[in-house]
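**Student:** Here you go, data_29.txt (compact mmCIF, C-alpha atoms):
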```
# COMPACT_ATOMS: atom_id res chain seq x y z
CA MET L 101 -3.73 100.47 223.92
CA ASN L 102 -3.61 99.29 220.49
CA ASN L 103 -1.03 97.12 218.84
CA SER L 104 0.77 99.86 216.89
CA THR L 105 1.19 101.95 220.05
CA LEU L 106 2.65 98.97 221.81
CA LYS L 107 5.01 98.35 218.91
CA SER L 108 6.04 102.01 218.91
CA LEU L 109 6.58 101.98 222.66
CA GLY L 110 8.59 98.75 222.41
CA LEU L 111 10.68 100.23 219.62
CA ILE L 112 11.33 103.36 221.69
CA LEU L 113 12.33 101.22 224.69
CA ILE L 114 14.64 99.05 222.57
CA TRP L 115 16.15 102.17 220.98
CA ALA L 116 16.62 103.76 224.45
CA PHE L 117 18.21 100.53 225.73
CA VAL L 118 20.61 100.43 222.74
CA VAL L 119 21.47 104.11 223.24
CA VAL L 120 22.13 103.51 226.96
CA LEU L 121 24.31 100.46 226.17
CA TRP L 122 26.17 102.44 223.51
CA MET L 123 26.61 105.52 225.75
CA MET L 124 27.65 103.64 228.91
CA PRO L 125 31.36 103.21 227.95
CA GLN L 126 31.53 106.88 226.86
CA ILE L 127 30.02 108.03 230.17
CA THR L 128 32.44 105.83 232.13
CA LYS L 129 35.36 107.06 230.03
CA PHE L 130 34.26 110.67 230.54
CA THR L 131 34.09 110.29 234.35
CA ASN L 132 37.50 108.60 234.41
CA ILE L 133 38.97 111.45 232.35
CA GLN L 134 37.38 114.03 234.66
CA SER L 135 38.79 112.39 237.81
CA GLU L 136 42.22 112.04 236.15
CA LYS L 137 42.07 115.71 235.14
CA GLU L 138 41.28 116.74 238.73
CA SER L 139 44.11 114.56 240.01
CA LEU L 140 46.58 116.10 237.53
CA ILE L 141 45.45 119.62 238.41
CA SER L 142 46.05 119.00 242.12
CA LYS L 143 49.42 117.40 241.35
CA GLU L 144 50.32 120.39 239.18
CA LYS L 145 49.45 122.77 242.03
CA SER L 146 51.60 120.83 244.52
CA LEU L 147 54.51 120.68 242.05
CA GLU L 148 54.14 124.40 241.38
CA GLU L 149 54.23 125.12 245.13
CA GLU L 150 57.35 122.96 245.49
CA TYR L 151 58.94 124.70 242.50
CA ASN L 152 58.20 128.11 244.03
CA LYS L 153 59.78 127.02 247.32
CA LEU L 154 62.89 125.79 245.52
CA LYS L 155 63.01 128.95 243.44
CA LYS L 156 62.84 131.03 246.62
CA ILE L 157 65.71 129.02 248.16
CA ASP L 158 67.71 129.48 244.97
CA GLU L 159 67.16 133.24 245.08
CA GLU L 160 68.16 133.36 248.73
CA LEU L 161 71.35 131.46 247.96
CA LYS L 162 72.14 133.76 245.05
CA ASN L 163 71.50 136.85 247.15
CA ASP L 164 73.43 135.62 250.17
CA SER L 165 76.26 133.76 248.51
CA SER L 166 78.99 135.55 250.46
CA GLU L 167 78.86 133.06 253.33
CA PHE L 168 78.77 130.12 250.94
CA GLU L 169 81.72 131.49 248.95
CA LYS L 170 83.96 131.10 251.99
CA TYR L 171 83.53 127.35 251.63
CA THR L 172 83.91 127.22 247.87
CA LYS L 173 86.97 129.40 247.51
CA TRP L 174 89.93 128.04 245.60
CA LEU L 175 92.70 127.71 248.09
CA LYS L 176 96.25 128.60 247.28
CA GLU L 177 98.55 127.59 250.09
CA ASN L 178 100.92 130.51 249.59
CA GLU L 179 97.99 132.98 249.84
CA LEU L 180 96.76 131.24 252.99
CA VAL L 181 100.22 131.41 254.59
CA ASN L 182 100.53 135.08 253.60
CA PHE L 183 97.08 135.74 255.03
CA ILE L 184 97.95 134.20 258.41
CA TYR L 185 101.30 136.00 258.61
CA SER L 186 99.75 139.35 257.66
CA LYS L 187 96.99 138.97 260.28
CA ILE L 188 99.56 138.17 262.99
CA GLU L 189 101.55 141.23 261.89
CA GLU L 190 98.40 143.35 262.21
CA LEU L 191 97.88 142.05 265.73
CA ASN L 192 101.50 142.86 266.60
CA LYS L 193 101.33 146.50 265.49
CA ASN L 194 101.71 148.99 268.34
CA LYS L 195 102.09 146.26 270.95
CA ASN L 196 104.90 145.99 273.48
CA SER L 197 104.81 142.19 273.39
CA ILE L 198 104.48 140.28 270.15
CA ILE L 199 103.00 137.04 268.91
CA THR L 200 105.54 134.79 267.20
CA ILE L 201 104.68 132.07 264.70
CA LYS L 202 106.81 129.06 265.64
CA ASP L 203 105.39 126.62 263.10
CA LEU L 204 102.78 126.59 260.38
CA SER L 205 102.01 123.37 258.51
CA ILE L 206 99.25 122.56 256.04
CA THR L 207 98.18 119.05 255.07
CA SER L 208 97.18 118.16 251.55
CA ALA L 209 93.50 118.45 250.75
CA GLN L 210 91.07 115.59 251.05
CA ILE L 211 87.40 115.43 250.11
CA ASN L 212 85.20 115.32 253.21
CA ASN L 213 81.70 113.88 253.58
CA MET L 214 80.13 117.18 252.43
CA GLN L 215 82.16 116.99 249.19
CA PHE L 216 84.31 119.99 250.07
CA LEU L 217 88.06 119.85 250.02
CA GLU L 218 89.39 120.02 253.54
CA SER L 219 92.89 120.79 254.78
CA ASN L 220 94.24 120.68 258.28
CA ILE L 221 96.50 123.44 259.50
CA GLN L 222 98.69 123.32 262.58
CA LEU L 223 99.53 126.80 263.79
CA THR L 224 102.00 126.93 266.67
CA LEU L 225 102.40 130.33 268.29
CA GLN L 226 104.36 131.91 271.09
CA VAL L 227 101.77 134.16 272.73
CA PRO L 228 102.63 136.71 275.43
CA THR L 229 99.19 136.82 277.13
CA GLU L 230 95.79 135.17 277.07
CA PHE L 231 94.37 138.47 275.81
CA MET L 232 96.60 138.24 272.73
CA LEU L 233 95.56 134.61 272.25
CA LYS L 234 91.90 135.69 272.30
CA ASN L 235 92.71 138.28 269.62
CA VAL L 236 94.28 135.58 267.45
CA LEU L 237 91.22 133.36 267.88
CA LYS L 238 88.89 136.24 266.99
CA MET L 239 90.96 136.97 263.91
CA LEU L 240 90.72 133.34 262.80
CA ASN L 241 86.98 133.12 263.37
CA LYS L 242 85.84 136.49 262.08
CA ASN L 243 87.74 136.96 258.85
CA ASP L 244 86.01 137.34 255.50
CA GLU L 245 88.52 135.51 253.34
CA TYR L 246 88.69 132.02 254.83
CA LYS L 247 86.41 129.94 256.98
CA PHE L 248 88.55 128.33 259.67
CA PHE L 249 87.29 125.82 262.19
CA ILE L 250 89.26 125.35 265.38
CA THR L 251 89.05 121.64 266.10
CA SER L 252 90.49 121.79 269.61
CA LEU L 253 92.49 124.13 271.78
CA THR L 254 94.51 123.40 274.89
CA TYR L 255 97.26 125.46 276.40
CA ASP L 256 98.91 126.10 279.72
CA PRO L 257 99.25 129.85 280.41
CA ASN L 258 101.18 129.01 283.59
CA ASN L 259 103.99 127.47 281.57
CA ILE L 260 105.46 130.88 280.75
CA ASN L 261 108.91 131.07 279.25
CA SER L 262 110.40 134.42 280.23
CA SER L 263 114.09 133.70 279.69
CA ASP L 264 114.32 136.35 276.99
CA TRP L 265 111.98 139.09 275.81
CA GLN L 266 111.52 137.64 272.31
CA ASN L 267 110.18 134.29 273.50
CA SER L 268 108.26 135.38 276.59
CA GLY L 269 104.75 134.05 277.06
CA PHE L 270 103.44 130.57 276.43
CA SER L 271 103.33 128.27 273.46
CA VAL L 272 100.02 127.19 271.98
CA THR L 273 99.19 124.95 269.02
CA ILE L 274 95.95 125.71 267.24
CA PRO L 275 94.68 122.89 265.00
CA LEU L 276 92.52 124.35 262.25
CA LYS L 277 90.42 123.02 259.40
CA VAL L 278 89.70 125.03 256.27
CA PHE L 279 87.18 124.07 253.58
CA TYR L 280 87.45 125.02 249.92
CA LYS L 281 86.82 123.74 246.42
```
Will you turn the file into structure tokens for me?
**Tutor:**
Amino acid sequence: MNNSTLKSLGLILIWAFVVVLWMMPQITKFTNIQSEKESLISKEKSLEEEYNKLKKIDEELKNDSSEFEKYTKWLKENELVNFIYSKIEELNKNKNSIITIKDLSITSAQINNMQFLESNIQLTLQVPTEFMLKNVLKMLNKNDEYKFFITSLTYDPNNINSSDWQNSGFSVTIPLKVFYK
């Protein structure tokens, strides 16, 4: 090999070395950008899946809001009292013995741990039979206007007062909770 070939080869090697040194940061930057892009694409897919799940839940809630509306209904005490009295009247229609409301009290609303307003209702009834009591309980649990929760129920059907026909049966107090907004 002659001297000029060696010089040319040395120049090519120096030029290649300079190009490699100059290109190294760009190659590193390019690979970092590619890996970041892949990471963002996978994050976007997971966020999109989560969004679709939340969107599906939102649609389900919008479509089936009737059950939820029972808990978010504005409560007017006079309407609630009228509701209870009208339901007891319905139960008393065409019956020989009647259910009598002895006392109905409603406490003022307080915010519970689920952020709903909650009121307590004490409903004291004179009930002629256990069958009629079961009808009252069904009416309270299966109505579409209010969502009542019976917190406890104790009664003594053997303690029957039959001194007169209007007050025959036994007395029962039903503590209720109702949720609303």
**Student:** For a test of reading the model, state the distance in Å between atom CA of L:Asn178 and atom CA of L:Glu245, rounded to one decimal.
**Tutor:**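 Computing it gives 13.9 Å between the two atoms.
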**Student:** Please measure the separation of atom CA of L:Asn220 and atom CA of L:Phe279, giving the value in Å to one decimal.
**Tutor:**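 Atom CA of L:Phe279 lies at a distance of 9.1 Å from atom CA of L:Asn220.
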**Student:** Grab the atom CA of L:Ile250 to atom CA of L:Leu276 distance for me, in Å with one decimal place.
**Tutor:** 4.6 Å
**Student:** Taking into account only C-alpha atoms, which residue in the set L:Lys242, L:Lys129, L:Lys156, L:Lys234 is nearest to L:Ile274?
**Tutor:**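 Closest residue, counting only C-alpha atoms: L:Lys234.
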**Student:** Between L:Ser197, L:Asn102, L:Asn243, L:Thr251, which residue has the minimum interatomic distance to L:Gln222, considering all atoms listed in the file?
**Tutor:** L:Thr251
**Student:** Using all atoms listed in the file, can you tell me which of L:Asn258, L:Asn241, L:Thr273, L:Ser104 comes closest to L:Ile201?
**Tutor:**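 Of the candidates, the smallest distance to L:Ile201 is held by L:Thr273.
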**Student:** Could you check the closest approach to L:Pro275 for each of L:Gln226, L:Thr200, L:Asn213, L:Thr207 and tell me which residue wins, using all atoms listed in the file?
**Tutor:**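 Under the stated criterion, the closest residue is L:Thr207.
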**Student:** When distances are computed from only C-alpha atoms, which of L:Tyr185, L:Tyr151, L:Trp115, L:Phe130 shows the smallest separation from L:Leu223?
**Tutor:** L:Tyr185
**Student:** Using all atoms listed in the file for the distances, tell me which of L:Ser271, L:Ser205, L:Asn212, L:Gln126 is nearest to L:Glu230.
**Tutor:**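 Closest to L:Glu230 of all the choices is L:Ser271.
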